>>> print(open('model15.txt').read())   # compact mmCIF, C-alpha atoms
# COMPACT_ATOMS: atom_id res chain seq x y z
CA MET A 921 -10.47 86.68 101.07
CA THR A 922 -10.47 84.48 97.96
CA GLN A 923 -14.07 85.53 97.44
CA LEU A 924 -12.68 88.83 96.19
CA ASN A 925 -11.76 86.84 93.06
CA PHE A 926 -15.45 86.26 92.48
CA VAL A 927 -16.21 89.98 92.69
CA GLY A 928 -13.32 90.65 90.31
CA ALA A 929 -14.62 88.02 87.90
CA ALA A 930 -18.11 89.57 88.00
CA ILE A 931 -16.61 93.00 87.26
CA ILE A 932 -14.47 91.67 84.39
CA PHE A 933 -17.46 89.82 82.94
CA THR A 934 -19.61 92.93 83.13
CA ILE A 935 -16.92 95.07 81.51
CA GLY A 936 -16.58 92.49 78.73
CA LEU A 937 -20.33 92.44 78.14
CA GLY A 938 -20.34 96.24 78.17
CA VAL A 939 -17.61 96.30 75.53
CA VAL A 940 -19.62 93.86 73.39
CA ILE A 941 -22.81 95.91 73.67
CA LEU A 942 -21.55 99.48 73.69
CA HIS A 943 -18.63 99.51 71.30
CA ASN A 944 -19.14 99.85 67.61
CA ASN A 945 -15.83 98.42 66.49
CA LEU A 946 -16.08 94.70 65.74
CA ILE A 947 -12.53 93.96 66.90
CA ARG A 948 -13.32 95.60 70.23
CA LYS A 949 -16.40 93.40 70.49
CA ILE A 950 -14.17 90.34 70.04
CA ILE A 951 -11.88 91.66 72.79
CA GLY A 952 -14.99 92.01 74.96
CA ILE A 953 -15.90 88.36 74.35
CA ASN A 954 -12.37 87.42 75.38
CA LEU A 955 -12.76 89.44 78.59
CA MET A 956 -15.94 87.52 79.42
CA GLU A 957 -14.16 84.22 78.80
CA THR A 958 -11.32 85.31 81.07
CA ALA A 959 -13.80 86.05 83.86
CA VAL A 960 -15.24 82.53 83.60
CA PHE A 961 -11.72 81.06 83.73
CA LEU A 962 -11.01 83.13 86.86
CA VAL A 963 -14.10 81.73 88.59
CA PHE A 964 -13.08 78.18 87.71
CA VAL A 965 -9.49 78.50 88.84
CA THR A 966 -10.62 80.18 92.08
CA ILE A 967 -12.87 77.21 92.84
CA GLY A 968 -9.87 74.90 92.48
CA PHE A 969 -7.79 76.88 94.95
CA VAL A 970 -7.04 75.35 98.36
CA ALA A 971 -5.81 77.71 101.05
CA ASP A 972 -4.24 74.97 103.17
CA PRO A 973 -0.55 74.93 102.12
CA THR A 974 -0.17 71.26 103.03
CA ALA A 975 -3.01 70.12 100.78
CA PRO A 976 -2.60 69.95 96.99
CA THR A 977 -4.64 72.25 94.78
CA ASN A 978 -7.60 70.70 93.02
CA PRO A 979 -6.32 69.79 89.52
CA LEU A 980 -9.71 69.39 87.86
CA PRO A 981 -10.56 73.06 87.18
CA ALA A 982 -7.13 73.66 85.63
CA ALA A 983 -7.52 70.62 83.38
CA LEU A 984 -11.01 71.76 82.35
CA ILE A 985 -9.92 75.33 81.68
CA LEU A 986 -7.31 74.05 79.25
CA THR A 987 -10.19 73.03 76.99
CA GLY A 988 -11.81 76.41 77.53
CA VAL A 989 -8.67 78.23 76.46
CA VAL A 990 -8.41 76.19 73.26
CA VAL A 991 -12.06 76.87 72.43
CA ALA A 992 -11.55 80.57 73.20
CA VAL A 993 -8.62 80.71 70.78
CA SER A 994 -10.66 78.96 68.09
CA ILE A 995 -13.66 81.24 68.55
CA THR A 996 -11.46 84.34 68.52
CA VAL A 997 -9.64 83.40 65.35
CA PHE A 998 -12.89 82.49 63.60
CA ALA A 999 -14.50 85.79 64.60
CA LEU A 1000 -11.41 87.70 63.48
CA SER A 1001 -11.44 85.97 60.10
CA ILE A 1002 -15.07 87.00 59.63
CA VAL A 1003 -14.04 90.56 60.47
CA VAL A 1004 -11.26 90.37 57.88
CA ARG A 1005 -13.88 89.28 55.35
CA LEU A 1006 -16.27 92.10 56.34
CA HIS A 1007 -13.44 94.61 56.07
CA GLY A 1008 -12.69 93.35 52.59
CA ALA A 1009 -16.33 93.70 51.59
CA TYR A 1010 -17.20 97.03 53.21
CA GLY A 1011 -13.87 98.65 53.92
CA THR A 1012 -14.66 99.25 57.58
CA VAL A 1013 -14.93 97.35 60.85
CA GLU A 1014 -17.45 99.76 62.39
CA LEU A 1015 -20.74 97.96 62.82
CA ASP A 1016 -23.05 100.95 62.19
CA ARG A 1017 -21.30 101.78 58.91
CA ILE A 1018 -21.52 98.16 57.79
CA LEU A 1019 -25.23 98.13 58.60
CA ALA A 1020 -25.75 101.41 56.75
CA LEU A 1021 -23.88 100.10 53.70
CA ARG A 1022 -25.90 96.88 53.80
CA ALA A 1023 -29.16 98.84 53.95
CA ALA A 1024 -28.08 101.06 51.06
CA GLU A 1025 -26.85 98.41 48.66
CA PRO A 1026 -29.18 97.21 45.87
CA ALA A 1027 -30.83 93.83 46.23
CA GLU A 1028 -29.46 92.40 42.96
CA GLY A 1029 -26.00 92.62 44.40
CA GLU A 1030 -26.69 89.38 46.21
CA GLY A 1031 -25.00 86.23 45.02
CA GLN A 1032 -21.99 87.88 43.43
CA GLY A 1033 -19.73 87.36 46.38
CA ALA A 1034 -18.89 89.77 49.09
CA GLY A 1035 -15.92 91.20 47.23
CA GLU A 1036 -18.15 92.97 44.72
CA HIS A 1037 -19.72 95.26 47.28
CA ARG A 1038 -16.56 97.04 48.10
CA ARG A 1039 -17.12 100.63 49.11
CA VAL A 1040 -15.12 102.84 51.36
CA MET B 122 -27.75 112.04 69.65
CA LYS B 123 -29.43 112.82 72.94
CA ALA B 124 -31.51 109.64 72.74
CA LEU B 125 -28.42 107.61 71.93
CA SER B 126 -26.57 108.78 75.02
CA TRP B 127 -29.68 108.03 77.11
CA ARG B 128 -29.62 104.55 75.69
CA ARG B 129 -25.97 104.17 76.55
CA MET B 130 -26.61 105.30 80.10
CA ALA B 131 -29.47 102.83 80.40
CA VAL B 132 -27.19 100.04 79.14
CA VAL B 133 -24.47 101.03 81.62
CA ALA B 134 -26.99 101.04 84.47
CA ALA B 135 -28.31 97.63 83.44
CA LEU B 136 -24.74 96.31 83.28
CA MET B 137 -24.03 97.62 86.79
CA VAL B 138 -27.12 95.82 88.06
CA LEU B 139 -25.99 92.68 86.24
CA GLY B 140 -22.51 92.95 87.77
CA ALA B 141 -24.00 93.31 91.24
CA VAL B 142 -26.30 90.32 90.70
CA LEU B 143 -23.39 88.23 89.43
CA SER B 144 -21.23 89.24 92.41
CA VAL B 145 -23.95 88.34 94.90
CA ALA B 146 -24.64 85.03 93.14
CA LEU B 147 -20.95 84.13 93.15
CA LEU B 148 -20.55 85.18 96.78
CA LEU B 149 -23.47 82.92 97.72
CA MET B 150 -21.55 79.93 96.37
CA PRO B 151 -19.48 77.88 98.84
CA GLU B 152 -16.42 79.81 99.92
CA PRO B 153 -13.41 78.77 97.83
CA GLY B 154 -10.14 77.77 99.42
CA VAL B 155 -11.56 75.70 102.26
CA ILE B 156 -10.55 72.08 102.26
CA ASP B 157 -14.12 70.70 102.37
CA HIS B 158 -15.33 72.71 99.37
CA PRO B 159 -17.75 70.59 97.33
CA ALA B 160 -15.50 70.90 94.28
CA HIS B 161 -12.79 68.94 96.10
CA ASN B 162 -14.77 65.76 95.69
CA GLU B 163 -13.84 62.13 95.27
CA THR B 164 -12.89 62.65 91.61
CA ALA B 165 -10.23 65.19 92.53
CA ARG B 166 -9.00 63.00 95.39
CA ARG B 167 -8.86 59.99 93.09
CA TYR B 168 -6.74 61.90 90.60
CA LEU B 169 -4.47 63.32 93.30
CA SER B 170 -3.80 59.97 94.93
CA GLY B 171 -3.88 57.80 91.81
CA ILE B 172 -1.82 59.74 89.29
CA PRO B 173 1.63 59.33 90.88
CA ARG B 174 0.97 55.58 91.03
CA ASP B 175 -0.81 55.17 87.68
CA THR B 176 1.36 57.39 85.49
CA ASN B 177 4.62 57.83 87.39
CA THR B 178 4.57 61.60 86.81
CA PRO B 179 4.23 64.45 89.32
CA ASN B 180 2.35 66.96 87.14
CA ILE B 181 -1.24 66.04 87.94
CA VAL B 182 -2.92 68.42 85.49
CA ASN B 183 -0.73 67.27 82.63
CA ALA B 184 -1.36 63.64 83.55
CA ILE B 185 -5.12 64.20 83.47
CA VAL B 186 -4.89 65.82 80.05
CA THR B 187 -2.45 63.39 78.44
CA ASP B 188 -3.26 60.10 80.16
CA TYR B 189 -6.65 59.78 81.87
CA ARG B 190 -8.47 62.08 79.47
CA ALA B 191 -6.17 61.65 76.48
CA ILE B 192 -9.07 60.91 74.16
CA ASP B 193 -10.69 64.21 75.16
CA THR B 194 -7.42 65.94 74.35
CA LEU B 195 -7.53 64.25 70.95
CA GLY B 196 -10.93 65.87 70.54
CA GLU B 197 -9.37 69.18 71.52
CA ALA B 198 -6.75 68.75 68.82
CA THR B 199 -9.67 68.21 66.47
CA VAL B 200 -11.14 71.52 67.65
CA LEU B 201 -7.93 73.19 66.52
CA PHE B 202 -8.16 71.36 63.21
CA VAL B 203 -11.76 72.49 62.72
CA SER B 204 -10.81 76.09 63.51
CA ILE B 205 -8.28 76.00 60.68
CA ILE B 206 -10.90 74.60 58.34
CA ALA B 207 -13.40 77.27 59.42
CA VAL B 208 -10.95 80.14 58.98
CA GLY B 209 -9.79 78.79 55.65
CA THR B 210 -13.38 78.43 54.48
CA VAL B 211 -14.22 81.99 55.45
CA LEU B 212 -11.09 83.58 54.04
CA HIS B 213 -10.45 81.49 50.92
CA THR B 214 -13.57 81.18 48.84
CA GLY B 215 -12.05 79.54 45.81
CA ARG B 216 -11.06 82.69 44.03
CA ARG B 217 -7.67 83.16 42.54
CA ARG B 218 -5.37 83.39 45.47
CA LEU B 219 -3.12 86.41 45.56
CA ALA B 220 0.50 86.01 46.33
CA ALA B 221 1.28 86.56 49.97
CA PRO B 222 1.48 90.29 50.59
CA GLN B 223 5.17 90.99 50.34
CA ARG B 224 5.74 93.80 52.74
CA PRO B 225 8.56 95.98 51.50
CA VAL B 226 11.82 95.19 53.17
CA SER B 227 11.97 98.70 54.58
CA ALA B 228 8.84 97.97 56.60
CA HIS B 229 10.69 95.17 58.32
CA ALA B 230 13.96 96.93 58.69
CA ASP B 231 13.13 98.66 61.95
CA ARG B 232 16.41 98.33 63.75
CA VAL B 233 15.12 98.08 67.30
CA LEU B 234 12.42 95.55 66.40
CA SER B 235 14.65 93.31 64.34
CA LEU B 236 17.46 93.39 66.90
CA ALA B 237 15.08 92.65 69.77
CA ALA B 238 13.46 89.84 67.79
CA ARG B 239 16.85 88.34 66.97
CA LEU B 240 17.71 88.42 70.66
CA VAL B 241 14.43 87.06 71.96
CA ILE B 242 13.35 84.43 69.41
CA PRO B 243 16.04 81.79 70.14
CA PHE B 244 15.31 81.92 73.85
CA VAL B 245 11.56 81.72 73.30
CA ILE B 246 12.02 78.67 71.06
CA VAL B 247 14.28 76.94 73.58
CA TYR B 248 11.88 77.75 76.41
CA GLY B 249 8.91 76.53 74.40
CA ALA B 250 10.69 73.26 73.65
CA TYR B 251 11.58 72.93 77.33
CA VAL B 252 8.01 73.56 78.50
CA THR B 253 6.77 70.99 75.99
CA VAL B 254 9.32 68.24 76.69
CA TYR B 255 9.41 68.70 80.47
CA GLY B 256 5.66 69.20 80.72
CA HIS B 257 5.03 66.02 82.68
CA ILE B 258 7.61 66.67 85.41
CA SER B 259 7.37 70.45 85.82
CA PRO B 260 4.71 73.12 85.32
CA GLY B 261 3.93 73.24 81.63
CA GLY B 262 2.79 70.87 78.95
CA GLY B 263 2.13 70.68 75.26
CA PHE B 264 -0.42 73.50 75.08
CA PRO B 265 1.65 76.31 76.66
CA GLY B 266 4.83 75.00 75.06
CA GLY B 267 3.24 74.93 71.63
CA ALA B 268 1.86 78.44 72.14
CA LEU B 269 5.38 79.65 73.02
CA LEU B 270 6.88 78.04 69.92
CA ALA B 271 4.15 79.55 67.76
CA ALA B 272 4.69 82.97 69.34
CA ALA B 273 8.37 82.83 68.42
CA LEU B 274 7.65 81.81 64.83
CA ILE B 275 4.90 84.42 64.40
CA LEU B 276 7.14 87.12 65.88
CA GLY B 277 9.81 86.13 63.36
CA THR B 278 7.37 86.31 60.46
CA LEU B 279 6.02 89.67 61.61
CA THR B 280 9.50 91.11 61.99
CA PHE B 281 11.39 89.72 59.03
CA GLY B 282 8.50 89.02 56.68
CA ARG B 283 7.65 85.77 54.99
CA GLY B 284 10.71 83.86 53.97
CA GLY B 285 12.77 86.48 55.70
CA ILE B 286 13.71 84.30 58.62
CA PRO B 287 17.25 83.14 57.96
CA GLY B 288 17.30 79.50 57.00
CA ARG B 289 13.56 79.18 56.61
CA ALA B 290 12.00 78.40 53.28
CA GLY B 291 9.63 81.04 51.99
CA GLU B 292 6.41 79.62 50.62
CA GLY B 293 6.51 76.25 52.27
CA HIS B 294 3.71 74.22 53.70
CA SER B 295 5.74 73.03 56.63
CA SER B 296 3.04 73.96 59.15
CA GLU B 297 0.60 71.61 57.42
CA TRP B 298 3.13 68.76 57.49
CA PHE B 299 3.92 69.37 61.14
CA GLU B 300 0.24 69.56 61.98
CA SER B 301 -0.69 66.30 60.27
CA GLY B 302 2.46 64.63 61.56
CA ALA B 303 1.66 65.60 65.14
CA LEU B 304 -1.86 64.24 64.87
CA LEU B 305 -0.54 61.03 63.32
CA LEU B 306 2.01 60.70 66.13
CA TYR B 307 -0.81 61.08 68.65
CA LEU B 308 -2.92 58.42 66.93
CA THR B 309 0.05 56.07 66.53
CA VAL B 310 0.93 56.34 70.21
CA GLY B 311 -2.70 55.67 71.06
CA SER B 312 -2.79 52.61 68.83
CA ILE B 313 0.25 51.08 70.56
CA GLY B 314 -1.94 50.78 73.63
CA VAL B 315 -4.49 48.78 71.63
CA TRP B 316 -1.72 46.57 70.27
CA GLY B 317 -0.55 45.94 73.84
CA GLY B 318 -3.94 44.60 74.79
CA GLY B 319 -5.46 47.68 76.40
CA ALA B 320 -7.87 50.39 75.33
CA PHE B 321 -7.05 53.12 72.82
CA LEU B 322 -4.53 55.54 74.38
CA SER B 323 -4.02 53.33 77.43
CA ASN B 324 -0.60 53.85 78.90
CA LEU B 325 1.22 52.11 81.74
CA SER B 326 -1.51 49.51 82.19
CA THR B 327 -0.39 47.82 78.96
CA GLY B 328 3.17 47.33 80.14
CA VAL B 329 4.87 50.44 78.73
CA PRO B 330 8.05 51.07 80.73
CA ALA B 331 7.25 53.61 83.43
CA GLY B 332 10.72 55.14 83.48
CA VAL B 333 12.45 56.82 86.38
CA TRP B 334 10.32 59.21 88.45
CA GLY B 335 11.15 62.84 87.77
CA THR B 336 13.18 62.35 84.59
CA VAL B 337 12.16 63.16 81.03
CA LEU B 338 11.80 59.48 80.18
CA SER B 339 9.04 58.73 82.64
CA GLY B 340 5.33 58.25 82.49
CA GLY B 341 5.30 55.89 79.53
CA PHE B 342 3.71 57.59 76.51
CA ILE B 343 3.07 60.89 78.27
CA PRO B 344 6.20 62.68 76.90
CA LEU B 345 5.39 61.56 73.35
CA ILE B 346 1.82 62.77 73.64
CA GLY B 347 3.07 66.04 75.12
CA ILE B 348 5.41 66.56 72.17
CA ALA B 349 2.61 65.71 69.74
CA ILE B 350 0.33 68.28 71.41
CA GLY B 351 3.10 70.91 71.43
CA VAL B 352 3.90 70.49 67.74
CA LYS B 353 0.20 70.37 66.90
CA VAL B 354 -0.60 73.58 68.78
CA ALA B 355 2.41 75.42 67.34
CA ALA B 356 1.61 74.29 63.78
CA THR B 357 -2.05 75.25 64.21
CA MET B 358 -1.26 78.74 65.46
CA VAL B 359 1.27 79.33 62.67
CA LYS B 360 -1.16 77.99 60.08
CA LEU B 361 -3.96 80.22 61.38
CA PHE B 362 -1.61 83.20 61.26
CA GLU B 363 -0.55 82.38 57.71
CA THR B 364 -4.16 81.93 56.62
CA MET B 365 -5.17 85.29 58.01
CA ASP B 366 -2.01 86.94 56.73
CA ALA B 367 -2.63 86.03 53.07
CA PRO B 368 -6.34 86.37 52.39
CA ASP B 369 -7.96 86.11 49.01
CA GLU B 370 -8.37 88.77 46.40
CA GLY B 371 -11.80 89.72 47.70
CA SER B 372 -10.62 90.56 51.16
CA THR B 373 -7.64 92.74 50.48
CA GLU B 374 -8.02 96.44 50.77
>>> encode(input="model15.txt", output="structure tokens")
Amino acid sequence: MTQLNFVGAAIIFTIGLGVVILHNNLIRKIIGINLMETAVFLVFVTIGFVADPTAPTNPLPAALILTGVVVAVSITVFALSIVVRLHGAYGTVELDRILALRAAEPAEGEGQGAGEHRRV
Amino acid sequence: MKALSWRRMAVVAALMVLGAVLSVALLLMPEPGVIDHPAHNETARRYLSGIPRDTNTPNIVNAIVTDYRAIDTLGEATVLFVSIIAVGTVLHTGRRRLAAPQRPVSAHADRVLSLAARLVIPFVIVYGAYVTVYGHISPGGGFPGGALLAAALILGTLTFGRGGIPGRAGEGHSSEWFESGALLLYLTVGSIGVWGGGAFLSNLSTGVPAGVWGTVLSGGFIPLIGIAIGVKVAATMVKLFETMDAPDEGSTE
């Protein structure tokens, strides 16, 4: 029965990957990455589970996942800060609009800092 | 537009195949929950049988994080430190820094929000402190406790604005002080083990009093390290929030 957790983790991972690939909004992509991380955590914690109520649960996966959670927080906040920066430079968090603006901007605009390219 | 939707459908189909492959691969792994699962190996058994004796605390996971693998946890605290540096580097590029965006008071004056925040924040802070301090004898620890404390402080800042929390200084750098202080506390506690003749961050083996089983003062240095982690995590989250809340000139709208 606990193997259902594995199927759930595979579904959550796939949904997260789908959000990363299919959505255009950068913040949604970051949420998709978080979904994928959550699926990996679910697999780990499921492995540590022991059905026998008299036996203690395996503590190693929980201790390892603690590190994973901290890294997930760090990655998320770093990605979000890059999105803040992109929003300041291009006025949008939609990836296709950012790419279009980047393709349209003149080449000599380079080196003046992202804040100079502001367009809405 | 037609081609784009075809592409989307192809991606969705590929994802479904991937999900099925992942499910099958995971289901082919040893069934979880059984007692002779390969993950329940001698390392796990060693921790389960050794931790009550070696650390005098019942919370096995917390004992792994703060005693056996305390130096790895120090590395984890460094990960938090590096994330602050990275976010600060991305958001503050040396330009003139704008004053923190002072949201008009009316934006914070939502009656329901401010009343609910006033009701909730004290309890969240007390619970966060409890989870941190009692982490070694009950479910919890420095990481969840610190996250709770940070959630309360960030909720307060979001509701009442910067400097709007009663009794809190406005443009302070208290999060930086708390952050550095927590890391210094961690390193100091680790050095006491060296002074006592053991390795860095060694605990009961160097003759630290073990305390009474099941009370706050048990497990030698573990409560101190838990408090250091809790303060560190809370200060890091608040600092990250403040950094993202007040970006440079170039990144405001």
>>> closest_residue(input="model15.txt", among="A:Ile950, A:Leu1006, A:Ala971, A:Ala982", to="Leu1019 in chain A", atoms="all atoms listed in the file")
A:Leu1006
>>> atom_distance(input="model15.txt", atom1="CA of Gly332 in chain B", atom2="CA of Val310 in chain B")
16.5 Å
>>> closest_atom_pairs(input="model15.txt", of="chain A", to="chain B", cutoff="9 Å", atoms="only C-alpha atoms", output="CSV")
residue,atom,partner,partner_atom,distance
A:Thr922,CA,B:Pro153,CA,6.4
A:Gln923,CA,B:Leu148,CA,6.5
A:Leu924,CA,B:Leu148,CA,8.7
A:Phe926,CA,B:Leu147,CA,5.9
A:Val927,CA,B:Ser144,CA,5.1
A:Gly928,CA,B:Ser144,CA,8.3
A:Ala929,CA,B:Ser144,CA,8.1
A:Ala930,CA,B:Ser144,CA,5.4
A:Ile931,CA,B:Gly140,CA,5.9
A:Ile932,CA,B:Gly140,CA,8.8
A:Phe933,CA,B:Gly140,CA,7.7
A:Thr934,CA,B:Gly140,CA,5.5
A:Ile935,CA,B:Leu136,CA,8.1
A:Leu937,CA,B:Leu136,CA,7.8
A:Gly938,CA,B:Leu136,CA,6.7
A:Ile941,CA,B:Val132,CA,8.1
A:Leu942,CA,B:Arg129,CA,7.1
A:Val963,CA,B:Leu147,CA,8.6
A:Thr966,CA,B:Pro153,CA,6.5
A:Ile967,CA,B:Pro153,CA,5.3
A:Gly968,CA,B:Ala160,CA,7.1
A:Phe969,CA,B:Gly154,CA,5.1
A:Val970,CA,B:Gly154,CA,4.1
A:Ala971,CA,B:Gly154,CA,4.6
A:Asp972,CA,B:Ile156,CA,7.0
A:Ala975,CA,B:Ile156,CA,7.9
A:Pro976,CA,B:Leu169,CA,7.8
A:Thr977,CA,B:His161,CA,8.9
A:Asn978,CA,B:Ala165,CA,6.1
A:Pro979,CA,B:Val182,CA,5.4
A:Leu980,CA,B:Ala165,CA,6.3
A:Pro981,CA,B:Ala160,CA,8.9
A:Ala982,CA,B:Val182,CA,6.7
A:Ala983,CA,B:Val182,CA,5.5
A:Leu984,CA,B:Val186,CA,8.8
A:Leu986,CA,B:Phe264,CA,8.1
A:Thr987,CA,B:Glu197,CA,6.7
A:Val990,CA,B:Glu197,CA,7.3
A:Val991,CA,B:Val200,CA,7.2
A:Val993,CA,B:Leu201,CA,8.7
A:Ser994,CA,B:Ser204,CA,5.4
A:Ile995,CA,B:Ser204,CA,7.7
A:Val997,CA,B:Val208,CA,7.3
A:Phe998,CA,B:Val208,CA,5.5
A:Ala999,CA,B:Val208,CA,8.7
A:Leu1000,CA,B:Met365,CA,8.6
A:Ser1001,CA,B:Val208,CA,6.0
A:Ile1002,CA,B:Val211,CA,6.6
A:Val1004,CA,B:Ser372,CA,6.8
A:Arg1005,CA,B:Ser372,CA,5.5
A:Leu1006,CA,B:Ser372,CA,7.8
A:His1007,CA,B:Ser372,CA,7.0
A:Gly1008,CA,B:Ser372,CA,3.8
A:Ala1009,CA,B:Ser372,CA,6.5
A:Gly1011,CA,B:Glu374,CA,7.0
A:Gly1033,CA,B:Gly371,CA,8.4
A:Ala1034,CA,B:Gly371,CA,7.2
A:Gly1035,CA,B:Gly371,CA,4.4
A:Glu1036,CA,B:Gly371,CA,7.7
A:Arg1038,CA,B:Gly371,CA,8.7
>>> atom_distance(input="model15.txt", atom1="CA of Leu279 in chain B", atom2="CA of Gly988 in chain A")
27.3 Å
>>> atom_distance(input="model15.txt", atom1="CA of Phe299 in chain B", atom2="CA of Ser259 in chain B")
24.9 Å
>>> closest_residue(input="model15.txt", among="A:Met921, A:Ile985, A:Arg1022, A:Ala992", to="Leu955 in chain A", atoms="all atoms listed in the file")
A:Ala992
>>> closest_residue(input="model15.txt", among="A:Thr974, A:Thr996, A:Asn944, A:Asn954", to="Val1013 in chain A", atoms="all atoms listed in the file")
A:Asn944
>>> axis_aligned_box(input="model15.txt", around="range 1016-1028 of chain A", padding_each_side="3 Å", output="AutoDock Vina command-line options")
--center_x -26.1 --center_y 97.1 --center_z 52.6 --size_x 15.5 --size_y 15.4 --size_z 25.2
>>> closest_residue(input="model15.txt", among="B:Thr357, B:Thr253, B:Asn324, B:Ser170", to="Leu274 in chain B", atoms="only C-alpha atoms")
B:Thr357
>>> residues_around(input="model15.txt", residues="Pro179 in chain B", least_positions_apart="6", cutoff="12 Å", atoms="all atoms listed in the file", output="VMD selection string")
(chain A and resid 976 979) or (chain B and resid 168 to 173 185 255 to 261 333 to 337 339 to 340 343)
>>> residues_around(input="model15.txt", residues="Gly936 in chain A", least_positions_apart="5", cutoff="7 Å", atoms="only C-alpha atoms", output="JSON, numbers by chain")
{"A": [952, 953, 955, 956]}
>>> residues_around(input="model15.txt", residues="Val359 in chain B", least_positions_apart="5", cutoff="8 Å", atoms="only C-alpha atoms", output="ChimeraX atom specification")
/B:271,274-275,296
